file query18.txt (compact mmCIF, C-alpha atoms)
# COMPACT_ATOMS: atom_id res chain seq x y z
CA MET A 1 154.00 61.98 79.77
CA ALA A 2 154.78 65.00 81.91
CA PRO A 3 152.09 67.69 81.89
CA ARG A 4 152.82 70.66 79.66
CA ALA A 5 152.13 74.37 80.02
CA LYS A 6 150.01 76.06 77.39
CA ILE A 7 149.77 79.47 75.74
CA VAL A 8 146.88 80.24 73.43
CA CYS A 9 147.42 83.48 71.53
CA TYR A 10 144.32 85.17 70.12
CA PHE A 11 145.30 87.50 67.30
CA ASP A 12 143.91 89.50 64.40
CA ILE A 13 146.33 90.61 61.72
CA VAL A 14 144.65 94.03 61.59
CA SER A 15 146.37 94.76 64.89
CA PRO A 16 150.02 95.83 64.67
CA TYR A 17 150.71 94.59 68.19
CA SER A 18 149.26 91.21 67.16
CA TYR A 19 151.77 91.12 64.31
CA ILE A 20 154.64 91.94 66.70
CA GLY A 21 153.30 89.65 69.43
CA VAL A 22 153.03 86.61 67.14
CA LYS A 23 156.57 87.19 65.84
CA LEU A 24 157.98 87.44 69.36
CA LEU A 25 156.04 84.41 70.59
CA ASN A 26 157.34 82.36 67.66
CA ARG A 27 160.88 83.37 68.60
CA TYR A 28 160.52 82.69 72.29
CA LYS A 29 158.70 79.37 71.94
CA THR A 30 161.87 77.83 70.50
CA LEU A 31 163.31 78.20 74.03
CA TRP A 32 160.19 77.03 75.83
CA ASN A 33 160.28 73.27 75.31
CA ASN A 34 157.63 72.43 77.84
CA VAL A 35 155.05 74.91 76.52
CA ASP A 36 152.42 74.16 73.88
CA VAL A 37 151.68 77.23 71.80
CA GLU A 38 148.47 77.71 69.81
CA LEU A 39 147.74 80.67 67.58
CA GLU A 40 144.00 81.25 67.27
CA PRO A 41 142.51 83.74 64.78
CA VAL A 42 139.90 86.12 66.20
CA PHE A 43 137.85 88.99 64.84
CA LEU A 44 139.15 91.99 66.76
CA ALA A 45 136.20 94.25 65.93
CA GLY A 46 134.00 91.62 67.61
CA ILE A 47 136.17 91.72 70.74
CA MET A 48 136.10 95.51 70.76
CA SER A 49 132.32 95.72 70.50
CA GLY A 50 131.80 92.77 72.89
CA SER A 51 133.93 94.46 75.57
CA LYS A 52 132.67 97.96 74.60
CA ASN A 53 136.28 98.97 74.06
CA GLN A 54 137.59 101.34 71.41
CA PRO A 55 140.72 100.95 69.28
CA PRO A 56 143.71 103.03 70.49
CA ALA A 57 143.90 105.05 67.29
CA THR A 58 140.51 106.63 68.01
CA VAL A 59 142.36 108.86 70.49
CA ALA A 60 144.72 110.98 68.38
CA ALA A 61 147.52 111.09 70.95
CA LYS A 62 147.44 107.29 71.30
CA GLY A 63 147.49 106.85 67.54
CA SER A 64 150.66 108.89 67.09
CA TYR A 65 152.30 107.25 70.09
CA MET A 66 151.47 103.81 68.72
CA ALA A 67 153.14 104.55 65.38
CA GLN A 68 156.31 105.75 67.10
CA ASP A 69 156.32 102.92 69.65
CA LEU A 70 156.04 100.32 66.89
CA ASP A 71 159.02 101.88 65.08
CA LEU A 72 161.08 101.57 68.24
CA VAL A 73 159.90 98.01 68.89
CA SER A 74 160.87 97.14 65.32
CA ALA A 75 164.32 98.74 65.76
CA THR A 76 164.88 96.91 69.06
CA THR A 77 163.65 93.49 67.97
CA GLY A 78 164.66 93.53 64.31
CA ILE A 79 161.10 92.65 63.29
CA PRO A 80 160.47 94.31 59.91
CA TYR A 81 157.67 96.84 60.09
CA SER A 82 156.33 99.93 58.40
CA PHE A 83 152.95 101.46 59.05
CA PRO A 84 150.70 100.61 56.07
CA SER A 85 149.10 103.28 53.93
CA GLN A 86 145.67 101.65 54.38
CA PHE A 87 144.74 101.27 58.05
CA PRO A 88 142.65 99.73 59.40
CA ILE A 89 141.56 97.19 56.80
CA MET A 90 138.83 94.56 56.89
CA THR A 91 140.59 91.32 57.86
CA VAL A 92 137.64 89.01 58.35
CA SER A 93 138.32 86.97 55.20
CA VAL A 94 142.03 86.77 56.05
CA MET A 95 141.26 85.42 59.51
CA ARG A 96 138.73 82.94 58.08
CA LEU A 97 141.33 81.78 55.58
CA LEU A 98 143.82 81.21 58.38
CA ILE A 99 141.21 79.06 60.14
CA VAL A 100 140.84 76.98 56.98
CA ILE A 101 144.62 76.62 56.70
CA LYS A 102 144.94 75.66 60.38
CA LYS A 103 142.38 72.92 59.75
CA HIS A 104 143.53 71.62 56.38
CA ALA A 105 147.22 72.50 56.10
CA ALA A 106 148.30 72.62 59.73
CA ASP A 107 151.97 72.14 58.91
CA LYS A 108 151.96 75.32 56.83
CA TYR A 109 149.83 77.42 59.17
CA ASP A 110 152.71 79.05 61.08
CA GLN A 111 154.46 79.95 57.85
CA CYS A 112 151.30 81.64 56.55
CA ILE A 113 150.90 83.68 59.74
CA GLU A 114 154.53 84.73 59.61
CA LYS A 115 154.03 86.59 56.33
CA ASP A 116 154.92 90.29 56.39
CA GLU A 117 152.54 91.37 53.63
CA TYR A 118 150.56 93.94 55.54
CA TRP A 119 152.85 95.14 58.32
CA ALA A 120 156.12 95.31 56.42
CA ARG A 121 155.29 95.42 52.71
CA ASP A 122 152.15 97.54 52.75
CA HIS A 123 150.16 94.99 50.76
CA ASP A 124 146.43 95.38 51.32
CA ILE A 125 145.54 91.80 52.21
CA ALA A 126 141.86 92.69 52.42
CA GLN A 127 141.97 92.35 48.65
CA LYS A 128 141.56 88.76 47.59
CA ASP A 129 144.16 88.82 44.79
CA ILE A 130 146.84 90.23 47.05
CA LEU A 131 146.04 87.77 49.81
CA LEU A 132 146.13 84.75 47.51
CA ALA A 133 149.33 85.91 45.81
CA ALA A 134 150.99 86.15 49.23
CA LEU A 135 150.09 82.61 50.23
CA ALA A 136 150.43 80.87 46.85
CA PRO A 137 154.20 80.29 47.24
CA ILE A 138 153.52 78.42 50.50
CA LEU A 139 150.34 76.55 49.63
CA GLY A 140 150.34 76.36 45.83
CA THR A 141 148.04 78.34 43.53
CA SER A 142 145.24 75.81 43.27
CA LYS A 143 145.17 74.94 46.97
CA VAL A 144 145.08 78.58 48.03
CA GLU A 145 142.10 79.19 45.73
CA GLU A 146 140.37 76.10 47.09
CA TYR A 147 140.95 77.19 50.69
CA PHE A 148 139.66 80.67 49.94
CA GLN A 149 136.41 79.18 48.60
CA MET A 150 136.01 77.46 51.97
CA THR A 151 136.01 80.78 53.86
CA SER A 152 132.33 81.17 52.99
CA GLU A 153 131.45 77.83 54.60
CA LYS A 154 129.24 78.03 57.65
CA ASP A 155 131.61 75.99 59.86
CA ILE A 156 134.57 78.21 59.15
CA LYS A 157 132.61 81.40 59.79
CA GLN A 158 131.31 79.87 63.01
CA GLN A 159 134.82 78.90 64.11
CA LEU A 160 135.96 82.53 63.92
CA ILE A 161 132.92 83.59 65.93
CA ASP A 162 133.58 80.83 68.48
CA ASN A 163 137.23 81.83 68.87
CA THR A 164 136.20 85.46 69.33
CA ASN A 165 133.58 84.54 71.92
CA LYS A 166 136.03 82.30 73.78
CA ALA A 167 138.43 85.26 73.99
CA LEU A 168 135.62 87.50 75.25
CA ASP A 169 134.62 84.86 77.81
CA VAL A 170 138.06 84.92 79.37
CA GLY A 171 137.95 88.72 79.53
CA ALA A 172 139.71 89.87 76.37
CA PHE A 173 139.34 93.50 75.31
CA GLY A 174 141.98 93.70 72.58
CA ALA A 175 144.65 91.77 70.71
CA PRO A 176 146.96 90.03 71.09
CA THR A 177 145.46 88.30 74.11
CA PHE A 178 147.14 85.28 75.66
CA ILE A 179 145.48 82.59 77.72
CA VAL A 180 148.16 80.92 79.78
CA GLN A 181 148.01 77.70 81.78
CA LYS A 182 150.77 76.32 83.97
CA ALA A 183 151.71 72.68 83.46
CA GLY A 184 149.22 70.45 85.27
CA SER A 185 146.82 73.31 86.01
CA ASP A 186 143.36 73.96 84.58
CA GLU A 187 143.40 77.56 85.67
CA GLU A 188 143.46 80.01 82.75
CA LYS A 189 145.19 83.36 83.18
CA MET A 190 144.83 86.14 80.69
CA PHE A 191 147.76 88.32 79.61
CA PHE A 192 147.21 91.25 77.28
CA GLY A 193 149.57 92.78 74.75
CA SER A 194 152.86 92.15 73.00
CA ASP A 195 154.74 93.54 76.00
CA ARG A 196 153.78 90.85 78.50
CA PHE A 197 156.24 88.10 77.57
CA GLU A 198 158.55 88.81 80.48
CA LEU A 199 155.67 88.41 82.92
CA MET A 200 154.40 85.30 81.10
CA SER A 201 157.86 83.73 81.31
CA THR A 202 158.17 84.32 85.01
CA PHE A 203 154.62 83.05 85.47
CA LEU A 204 155.50 79.80 83.67
CA GLY A 205 159.02 79.60 85.09
CA VAL A 206 160.65 79.63 81.66
CA PRO A 207 163.54 81.88 80.56
CA TYR A 208 162.88 85.36 79.17
CA PRO A 209 165.56 86.11 76.58
CA GLY A 210 164.68 89.80 76.10
CA LEU A 211 163.45 91.86 73.16
CA ALA A 212 166.68 91.64 71.19
CA PHE A 213 166.67 87.82 71.21
CA LYS A 214 166.63 86.27 67.76
CA ASN A 215 166.51 82.54 67.25
CA LYS A 216 168.16 80.81 64.35
CA SER A 217 164.99 79.99 62.41
CA LYS A 218 164.01 81.61 59.13
CA LEU A 219 162.48 84.68 60.72
CA MET B 220 180.54 118.31 78.47
CA ALA B 221 177.93 116.72 76.28
CA ALA B 222 174.42 116.98 77.68
CA ARG B 223 173.48 113.90 79.72
CA ALA B 224 170.68 111.50 78.92
CA SER B 225 167.48 112.35 80.73
CA ILE B 226 164.18 110.78 81.66
CA THR B 227 161.26 112.96 82.72
CA CYS B 228 158.41 111.00 84.28
CA TYR B 229 154.93 112.58 84.30
CA TYR B 230 152.83 110.96 86.99
CA ASP B 231 149.65 111.08 89.05
CA LEU B 232 149.28 109.10 92.28
CA VAL B 233 145.77 108.05 91.27
CA SER B 234 147.19 105.60 88.73
CA PRO B 235 148.16 102.09 89.89
CA TYR B 236 150.62 101.67 87.04
CA THR B 237 152.24 104.94 88.13
CA TYR B 238 152.74 103.45 91.58
CA MET B 239 154.23 100.29 90.07
CA GLY B 240 156.23 102.21 87.46
CA PHE B 241 157.73 104.52 90.07
CA LYS B 242 158.95 101.56 92.14
CA LEU B 243 160.33 99.71 89.13
CA PHE B 244 162.00 102.83 87.77
CA ASN B 245 163.64 103.56 91.12
CA SER B 246 165.09 100.08 91.14
CA PHE B 247 166.32 100.13 87.53
CA ARG B 248 167.74 103.66 87.60
CA GLN B 249 170.25 102.65 90.26
CA GLN B 250 172.02 100.90 87.40
CA TRP B 251 171.67 103.91 85.10
CA PRO B 252 173.84 106.50 86.87
CA GLY B 253 174.44 108.49 83.68
CA VAL B 254 170.79 109.47 83.35
CA ASP B 255 169.19 112.60 84.84
CA VAL B 256 165.75 111.86 86.27
CA THR B 257 162.89 114.28 86.95
CA PHE B 258 159.40 113.52 88.23
CA LYS B 259 156.69 115.96 87.16
CA PRO B 260 153.31 115.93 88.90
CA MET B 261 150.33 116.22 86.55
CA LEU B 262 146.57 115.83 86.76
CA LEU B 263 145.75 112.64 84.88
CA GLY B 264 142.05 113.45 84.78
CA GLY B 265 142.90 116.75 83.10
CA VAL B 266 144.94 114.99 80.44
CA MET B 267 142.25 112.35 79.86
CA ASN B 268 139.53 114.99 79.45
CA GLU B 269 141.51 117.16 77.13
CA ILE B 270 142.49 114.41 74.70
CA LYS B 271 139.21 112.52 75.11
CA ASN B 272 140.86 109.36 76.40
CA GLN B 273 139.01 107.09 78.80
CA PRO B 274 140.46 105.53 81.93
CA LEU B 275 140.99 101.75 81.98
CA PHE B 276 138.72 101.22 84.93
CA LYS B 277 135.66 102.36 82.94
CA PHE B 278 135.83 99.05 81.07
CA PRO B 279 135.07 96.06 83.33
CA SER B 280 137.28 93.63 81.39
CA LYS B 281 140.19 96.07 81.35
CA LYS B 282 139.80 96.73 85.05
CA ASN B 283 139.79 93.00 85.83
CA HIS B 284 142.88 92.44 83.75
CA MET B 285 144.57 95.48 85.28
CA ILE B 286 144.17 94.16 88.82
CA ALA B 287 145.27 90.63 87.87
CA ASP B 288 148.23 92.06 85.96
CA LEU B 289 149.31 94.28 88.86
CA ASP B 290 149.01 91.35 91.26
CA ARG B 291 151.28 89.30 89.01
CA ILE B 292 153.85 92.11 88.74
CA SER B 293 153.75 92.39 92.50
CA ALA B 294 154.28 88.63 92.89
CA VAL B 295 157.22 88.58 90.46
CA THR B 296 158.96 91.72 91.73
CA GLY B 297 158.09 91.66 95.42
CA ILE B 298 156.69 95.21 95.18
CA PRO B 299 153.79 95.31 97.65
CA PHE B 300 150.42 96.02 96.04
CA ARG B 301 146.79 95.87 97.02
CA PHE B 302 144.02 97.40 94.97
CA PRO B 303 142.34 100.02 97.20
CA PRO B 304 138.68 99.65 98.20
CA ASP B 305 137.90 103.22 97.11
CA PHE B 306 139.08 103.80 93.57
CA PRO B 307 139.59 106.19 91.96
CA VAL B 308 140.04 109.08 94.39
CA ASN B 309 140.54 112.75 93.65
CA THR B 310 144.29 113.40 93.79
CA VAL B 311 144.36 117.16 93.16
CA LEU B 312 145.36 117.84 96.77
CA PRO B 313 148.27 115.38 97.08
CA MET B 314 149.52 116.25 93.59
CA ARG B 315 149.54 119.97 94.37
CA VAL B 316 151.33 119.24 97.65
CA LEU B 317 153.93 117.25 95.66
CA THR B 318 154.23 120.20 93.26
CA ALA B 319 155.01 122.43 96.24
CA LEU B 320 157.45 119.88 97.68
CA GLN B 321 159.32 119.63 94.38
CA ILE B 322 159.93 123.39 94.56
CA HIS B 323 160.51 123.84 98.30
CA GLU B 324 161.87 120.47 99.49
CA ALA B 325 163.67 119.14 96.44
CA GLU B 326 165.82 116.80 98.51
CA LYS B 327 162.88 115.01 100.14
CA TYR B 328 160.51 115.25 97.19
CA GLU B 329 161.09 111.76 95.77
CA GLN B 330 160.73 110.19 99.19
CA CYS B 331 157.31 111.83 99.40
CA ILE B 332 156.22 110.23 96.11
CA ASP B 333 157.44 106.85 97.25
CA LYS B 334 154.65 106.18 99.75
CA ASP B 335 152.41 103.14 99.94
CA GLU B 336 149.35 104.90 101.40
CA PHE B 337 146.94 104.34 98.54
CA PHE B 338 148.08 101.21 96.71
CA VAL B 339 149.10 99.12 99.71
CA HIS B 340 147.27 100.53 102.73
CA GLY B 341 144.12 101.59 100.89
CA ARG B 342 144.05 105.02 102.52
CA ASN B 343 142.10 107.78 100.82
CA ILE B 344 144.77 110.28 99.82
CA SER B 345 142.23 112.94 98.86
CA ASP B 346 141.92 113.47 102.61
CA ALA B 347 144.21 116.20 104.02
CA GLU B 348 144.75 114.29 107.26
CA VAL B 349 145.88 111.19 105.39
CA VAL B 350 148.34 113.26 103.36
CA GLN B 351 149.65 114.94 106.51
CA ALA B 352 150.11 111.66 108.34
CA ALA B 353 151.93 110.21 105.34
CA LEU B 354 154.39 113.09 105.15
CA ALA B 355 155.02 113.54 108.87
CA PRO B 356 157.68 110.80 109.25
CA ILE B 357 159.67 112.24 106.34
CA PHE B 358 159.83 115.62 108.09
CA ASN B 359 160.64 114.29 111.59
CA GLU B 360 157.03 114.66 112.71
CA ASP B 361 157.29 118.44 112.29
CA THR B 362 153.54 119.04 112.09
CA GLN B 363 153.79 122.75 111.44
CA LYS B 364 156.09 122.23 108.53
CA VAL B 365 153.85 119.56 107.00
CA GLU B 366 150.82 121.81 107.47
CA SER B 367 152.60 124.58 105.63
CA PHE B 368 153.01 122.26 102.61
CA LEU B 369 149.31 121.48 102.68
CA LYS B 370 148.52 125.18 102.73
CA LEU B 371 150.70 125.65 99.67
CA ALA B 372 148.26 123.43 97.78
CA THR B 373 145.93 126.43 97.54
CA ASP B 374 148.70 128.87 96.68
CA PRO B 375 147.99 130.41 93.23
CA GLU B 376 151.60 129.96 92.16
CA ILE B 377 151.63 126.24 92.99
CA LYS B 378 148.26 125.73 91.34
CA GLN B 379 149.62 127.42 88.24
CA VAL B 380 152.77 125.24 88.15
CA PHE B 381 150.63 122.12 88.46
CA LYS B 382 148.35 123.34 85.69
CA THR B 383 151.32 124.20 83.48
CA ASN B 384 152.81 120.72 84.02
CA THR B 385 149.53 119.16 82.92
CA GLU B 386 149.27 121.38 79.84
CA GLU B 387 152.88 120.65 79.00
CA ALA B 388 152.15 116.91 79.24
CA ILE B 389 149.24 117.26 76.80
CA ALA B 390 151.39 119.33 74.43
CA LYS B 391 154.03 116.58 74.50
CA GLY B 392 151.53 113.95 73.37
CA ILE B 393 150.95 112.30 76.75
CA PHE B 394 147.65 110.40 77.06
CA GLY B 395 148.08 108.44 80.31
CA ALA B 396 150.34 107.74 83.27
CA PRO B 397 153.09 106.98 83.89
CA SER B 398 154.63 108.62 80.84
CA PHE B 399 158.35 108.94 80.30
CA LEU B 400 159.99 111.51 78.04
CA VAL B 401 163.40 110.14 77.21
CA LYS B 402 166.34 111.99 75.70
CA LYS B 403 169.64 110.49 74.60
CA ALA B 404 172.90 112.02 75.82
CA GLY B 405 174.13 114.80 73.55
CA GLU B 406 170.71 115.40 72.00
CA SER B 407 168.68 118.54 72.49
CA GLN B 408 165.55 118.61 74.66
CA ASP B 409 163.22 118.77 71.66
CA LYS B 410 164.44 115.29 70.63
CA GLU B 411 162.65 113.67 73.58
CA VAL B 412 160.78 110.45 72.82
CA LEU B 413 157.64 109.35 74.68
CA PHE B 414 157.40 105.92 76.32
CA PHE B 415 154.09 105.07 77.94
CA GLY B 416 153.47 102.74 80.83
CA SER B 417 155.26 100.83 83.55
CA ASP B 418 156.13 98.06 81.07
CA ARG B 419 158.41 100.02 78.77
CA PHE B 420 161.66 100.00 80.78
CA GLU B 421 163.26 97.36 78.56
CA MET B 422 162.50 99.58 75.54
CA ILE B 423 163.82 102.68 77.33
CA ALA B 424 167.03 100.84 78.24
CA ALA B 425 167.49 99.68 74.63
CA TYR B 426 166.82 103.19 73.37
CA LEU B 427 169.47 104.67 75.67
CA GLY B 428 171.91 101.80 75.14
CA LEU B 429 171.71 100.74 78.79
CA SER B 430 171.35 97.32 80.31
CA TYR B 431 167.90 96.13 81.37
CA PRO B 432 168.04 94.27 84.70
CA GLY B 433 164.65 92.54 84.29
CA LEU B 434 161.70 92.03 86.61
CA LYS B 435 162.67 88.65 87.92
CA ASP B 436 165.58 89.40 90.20
CA LEU B 437 164.21 92.71 91.38
CA ASN B 438 163.01 91.05 94.55
CA SER B 439 166.51 90.64 95.92
CA LYS B 440 167.50 94.19 94.98
CA LEU B 441 164.66 96.07 96.63
call {"tool": "encode", "arguments": {"input": "query18.txt", "output": "structure tokens"}}
result
Amino acid sequence: MAPRAKIVCYFDIVSPYSYIGVKLLNRYKTLWNNVDVELEPVFLAGIMSGSKNQPPATVAAKGSYMAQDLDLVSATTGIPYSFPSQFPIMTVSVMRLLIVIKKHAADKYDQCIEKDEYWARDHDIAQKDILLAALAPILGTSKVEEYFQMTSEKDIKQQLIDNTNKALDVGAFGAPTFIVQKAGSDEEKMFFGSDRFELMSTFLGVPYPGLAFKNKSKL
Amino acid sequence: MAARASITCYYDLVSPYTYMGFKLFNSFRQQWPGVDVTFKPMLLGGVMNEIKNQPLFKFPSKKNHMIADLDRISAVTGIPFRFPPDFPVNTVLPMRVLTALQIHEAEKYEQCIDKDEFFVHGRNISDAEVVQAALAPIFNEDTQKVESFLKLATDPEIKQVFKTNTEEAIAKGIFGAPSFLVKKAGESQDKEVLFFGSDRFEMIAAYLGLSYPGLKDLNSKL
């Protein structure tokens, strides 16, 4: 089998650019047949403290720019978005739950990530009831409850820590962070942010369809 | 006639993404003839201090990514780039000289911004001699003329314009460089929208309803 290129996307749903970045990556990957794409949950606060970085919104001018930039990105890409009334929220249990789902319901993992609860519908997914209600239609009520129980397991907690440390090891300081490998190469290159897809495409030699590109999936 | 679309770029030569953004913008704007373009010198350090932002290079992981990222943009676009051995440098002198040039040598002003001294040749542009040598070829080696521009850097009027530009940038919500204030045709100046960074040209093009040529084929167009 021919070697394949690889993109690992480290994301935390607390980050609006992670939300946008995952949506765009899921669109573009439909065109990138020779690229394996993995979405790995991380704990962004852990990356921030590990790299001694600070979130953009701690500088007032950056915070207001970010809100306006995201509106324009949404208008350009058609990705639904409205800044939530509660921000930031504590997403650690959400990210742990996604790790459980990736492990035990891999075929439904992408669908669960694609939910717009927080970044389009202003649902506070840090609250267990809201989180479970969002995923129940995909996973079923009893399964979603069962998976949520598993978020307190040691292995699952450790997996989130491991993912976060792996991201820090390759030099991450925010989210979304992408670790990109060319086909047949072991060398890992880091790309940061939801605005680096054009560079990633040229790096991998795959087409860049632009921000307005929409594939024909259920997005 | 309806007012034209405009893009005002606030910049400081100390910033590597300003260097890259200036080159990219100059390439893209050739295909955007309906847009008025202005480059305003500002003191990035002044902006950073005032709004309590911190430069990228203070964070080792950000600095590493920044250099790798700039190298990749350079490889894709063919824009020459080499991270200078001394970084950052104090750019008050060259930025004040550019402020003077914008007023007194409007026609050659953009040519003076478009130099590779710092981010290709690694020359310390805080040094008056380096600035003079960089400008000399643009003014037919007229040393006296170039010296007069350097003297203007201490002129109270020029200092004030530079300071006003920087204050204006802060008032407009700018927190880094390069920053682009973009206005659609027919809209009033107070409807300007801020775009930050050298990676927002596709967004700017979409906002103004213009085509975005992309990074990939830039090489052949430079």
call {"tool": "interface_residues", "arguments": {"input": "query18.txt", "of": "chain A", "to": "chain B", "cutoff": "7 Å", "atoms": "only C-alpha atoms", "output": "mmCIF file with C-alpha atoms, in the coordinates of the input"}}
result
data_model
loop_
_atom_site.group_PDB
_atom_site.id
_atom_site.type_symbol
_atom_site.label_atom_id
_atom_site.label_comp_id
_atom_site.auth_asym_id
_atom_site.auth_seq_id
_atom_site.Cartn_x
_atom_site.Cartn_y
_atom_site.Cartn_z
ATOM 1 C CA SER A 51 133.930 94.460 75.570
ATOM 2 C CA VAL A 59 142.360 108.860 70.490
ATOM 3 C CA ALA A 61 147.520 111.090 70.950
ATOM 4 C CA LYS A 62 147.440 107.290 71.300
ATOM 5 C CA THR A 76 164.880 96.910 69.060
ATOM 6 C CA GLY A 171 137.950 88.720 79.530
ATOM 7 C CA ALA A 172 139.710 89.870 76.370
ATOM 8 C CA PHE A 173 139.340 93.500 75.310
ATOM 9 C CA ASP A 195 154.740 93.540 76.000
ATOM 10 C CA THR A 202 158.170 84.320 85.010
#
call {"tool": "atom_distance", "arguments": {"input": "query18.txt", "atom1": "CA of Ser93 (chain A)", "atom2": "CA of Lys128 (chain A)"}}
result
8.5 Å
call {"tool": "atom_distance", "arguments": {"input": "query18.txt", "atom1": "CA of Lys115 (chain A)", "atom2": "CA of Glu153 (chain A)"}}
result
24.3 Å
call {"tool": "residues_near_point", "arguments": {"input": "query18.txt", "point": "(149.5, 116.3, 91.9)", "cutoff": "7 Å", "atoms": "all atoms listed in the file", "output": "NGL selection string"}}
result
:B and (231 or 260-262 or 310-318 or 381)
call {"tool": "closest_residue", "arguments": {"input": "query18.txt", "among": "B:Asn309, B:Gln330, B:Asn268, B:Thr237", "to": "Pro356 (chain B)", "atoms": "all atoms listed in the file"}}
result
B:Gln330
call {"tool": "residues_around", "arguments": {"input": "query18.txt", "residues": "Ile13 (chain A)", "least_positions_apart": "4", "cutoff": "7 Å", "atoms": "all atoms listed in the file", "output": "list of chain:residue names"}}
result
A:Ser18, A:Tyr19, A:Thr91
call {"tool": "atom_distance", "arguments": {"input": "query18.txt", "atom1": "CA of Asp305 (chain B)", "atom2": "CA of Glu336 (chain B)"}}
result
12.3 Å
call {"tool": "residues_around", "arguments": {"input": "query18.txt", "residues": "Ala396 (chain B)", "least_positions_apart": "3", "cutoff": "7 Å", "atoms": "all atoms listed in the file", "output": "PyMOL selection string"}}
result
chain B and resi 229-231+234+237+263+416
call {"tool": "residues_around", "arguments": {"input": "query18.txt", "residues": "Val92 (chain A)", "least_positions_apart": "5", "cutoff": "10 Å", "atoms": "all atoms listed in the file", "output": "list in words"}}
result
Asp12, Ile13, Val14, Pro41, Val42, Phe43, Leu44, Ala45, Leu97, Leu98, Ala126, Thr151, Lys157 and Leu160 of chain A
call {"tool": "residues_around", "arguments": {"input": "query18.txt", "residues": "Val401 (chain B)", "least_positions_apart": "3", "cutoff": "6 Å", "atoms": "only C-alpha atoms", "output": "list in words"}}
result
Ser225, Ile226, Glu411 and Val412 of chain B
call {"tool": "closest_residue", "arguments": {"input": "query18.txt", "among": "A:Ile179, A:Ile130, A:Ala75, A:Leu211", "to": "Leu39 (chain A)", "atoms": "all atoms listed in the file"}}
result
A:Ile179
call {"tool": "closest_residue", "arguments": {"input": "query18.txt", "among": "A:Tyr208, A:Gly46, A:Leu25, A:Met200", "to": "Ala167 (chain A)", "atoms": "all atoms listed in the file"}}
result
A:Gly46
call {"tool": "closest_residue", "arguments": {"input": "query18.txt", "among": "A:Pro3, A:Pro16, A:Gly174, A:Pro207", "to": "Tyr118 (chain A)", "atoms": "all atoms listed in the file"}}
result
A:Pro16
call {"tool": "closest_residue", "arguments": {"input": "query18.txt", "among": "A:Ala183, A:Leu199, A:Leu132, A:Met150", "to": "Arg96 (chain A)", "atoms": "only C-alpha atoms"}}
result
A:Met150
call {"tool": "residues_around", "arguments": {"input": "query18.txt", "residues": "Leu427 (chain B)", "least_positions_apart": "2", "cutoff": "8 Å", "atoms": "all atoms listed in the file", "output": "tab-separated table (two decimals) with C-alpha atoms, keeping the file's coordinate frame"}}
result
chain	number	residue	atom	x	y	z
B	224	ALA	CA	170.68	111.50	78.92
B	402	LYS	CA	166.34	111.99	75.70
B	403	LYS	CA	169.64	110.49	74.60
B	423	ILE	CA	163.82	102.68	77.33
B	424	ALA	CA	167.03	100.84	78.24
B	425	ALA	CA	167.49	99.68	74.63
B	429	LEU	CA	171.71	100.74	78.79
call {"tool": "closest_residue", "arguments": {"input": "query18.txt", "among": "B:Cys228, B:Ala372, B:Lys327, B:Ala222", "to": "Ser417 (chain B)", "atoms": "all atoms listed in the file"}}
result
B:Cys228
call {"tool": "build_atoms", "arguments": {"input": "query18.txt", "residues": "region 21-30 of chain A", "atoms": "N, CA and C atoms", "output": "mmCIF file, in the frame of the given file"}}
result
data_model
loop_
_atom_site.group_PDB
_atom_site.id
_atom_site.type_symbol
_atom_site.label_atom_id
_atom_site.label_comp_id
_atom_site.auth_asym_id
_atom_site.auth_seq_id
_atom_site.Cartn_x
_atom_site.Cartn_y
_atom_site.Cartn_z
ATOM 1 N N GLY A 21 153.446 90.656 68.380
ATOM 2 C CA GLY A 21 153.300 89.650 69.430
ATOM 3 C C GLY A 21 153.473 88.232 68.901
ATOM 4 N N VAL A 22 152.897 87.944 67.728
ATOM 5 C CA VAL A 22 153.030 86.610 67.140
ATOM 6 C C VAL A 22 154.489 86.339 66.765
ATOM 7 N N LYS A 23 155.150 87.352 66.206
ATOM 8 C CA LYS A 23 156.570 87.190 65.840
ATOM 9 C C LYS A 23 157.417 86.886 67.078
ATOM 10 N N LEU A 24 157.187 87.644 68.145
ATOM 11 C CA LEU A 24 157.980 87.440 69.360
ATOM 12 C C LEU A 24 157.692 86.076 69.961
ATOM 13 N N LEU A 25 156.408 85.712 70.021
ATOM 14 C CA LEU A 25 156.040 84.410 70.590
ATOM 15 C C LEU A 25 156.692 83.274 69.799
ATOM 16 N N ASN A 26 156.710 83.397 68.481
ATOM 17 C CA ASN A 26 157.340 82.360 67.660
ATOM 18 C C ASN A 26 158.845 82.280 67.892
ATOM 19 N N ARG A 27 159.455 83.402 68.239
ATOM 20 C CA ARG A 27 160.880 83.370 68.600
ATOM 21 C C ARG A 27 161.080 82.680 69.952
ATOM 22 N N TYR A 28 160.304 83.156 70.925
ATOM 23 C CA TYR A 28 160.520 82.690 72.290
ATOM 24 C C TYR A 28 160.175 81.218 72.467
ATOM 25 N N LYS A 29 159.157 80.752 71.712
ATOM 26 C CA LYS A 29 158.700 79.370 71.940
ATOM 27 C C LYS A 29 159.796 78.350 71.613
ATOM 28 N N THR A 30 160.764 78.756 70.803
ATOM 29 C CA THR A 30 161.870 77.830 70.500
ATOM 30 C C THR A 30 162.690 77.535 71.769
#
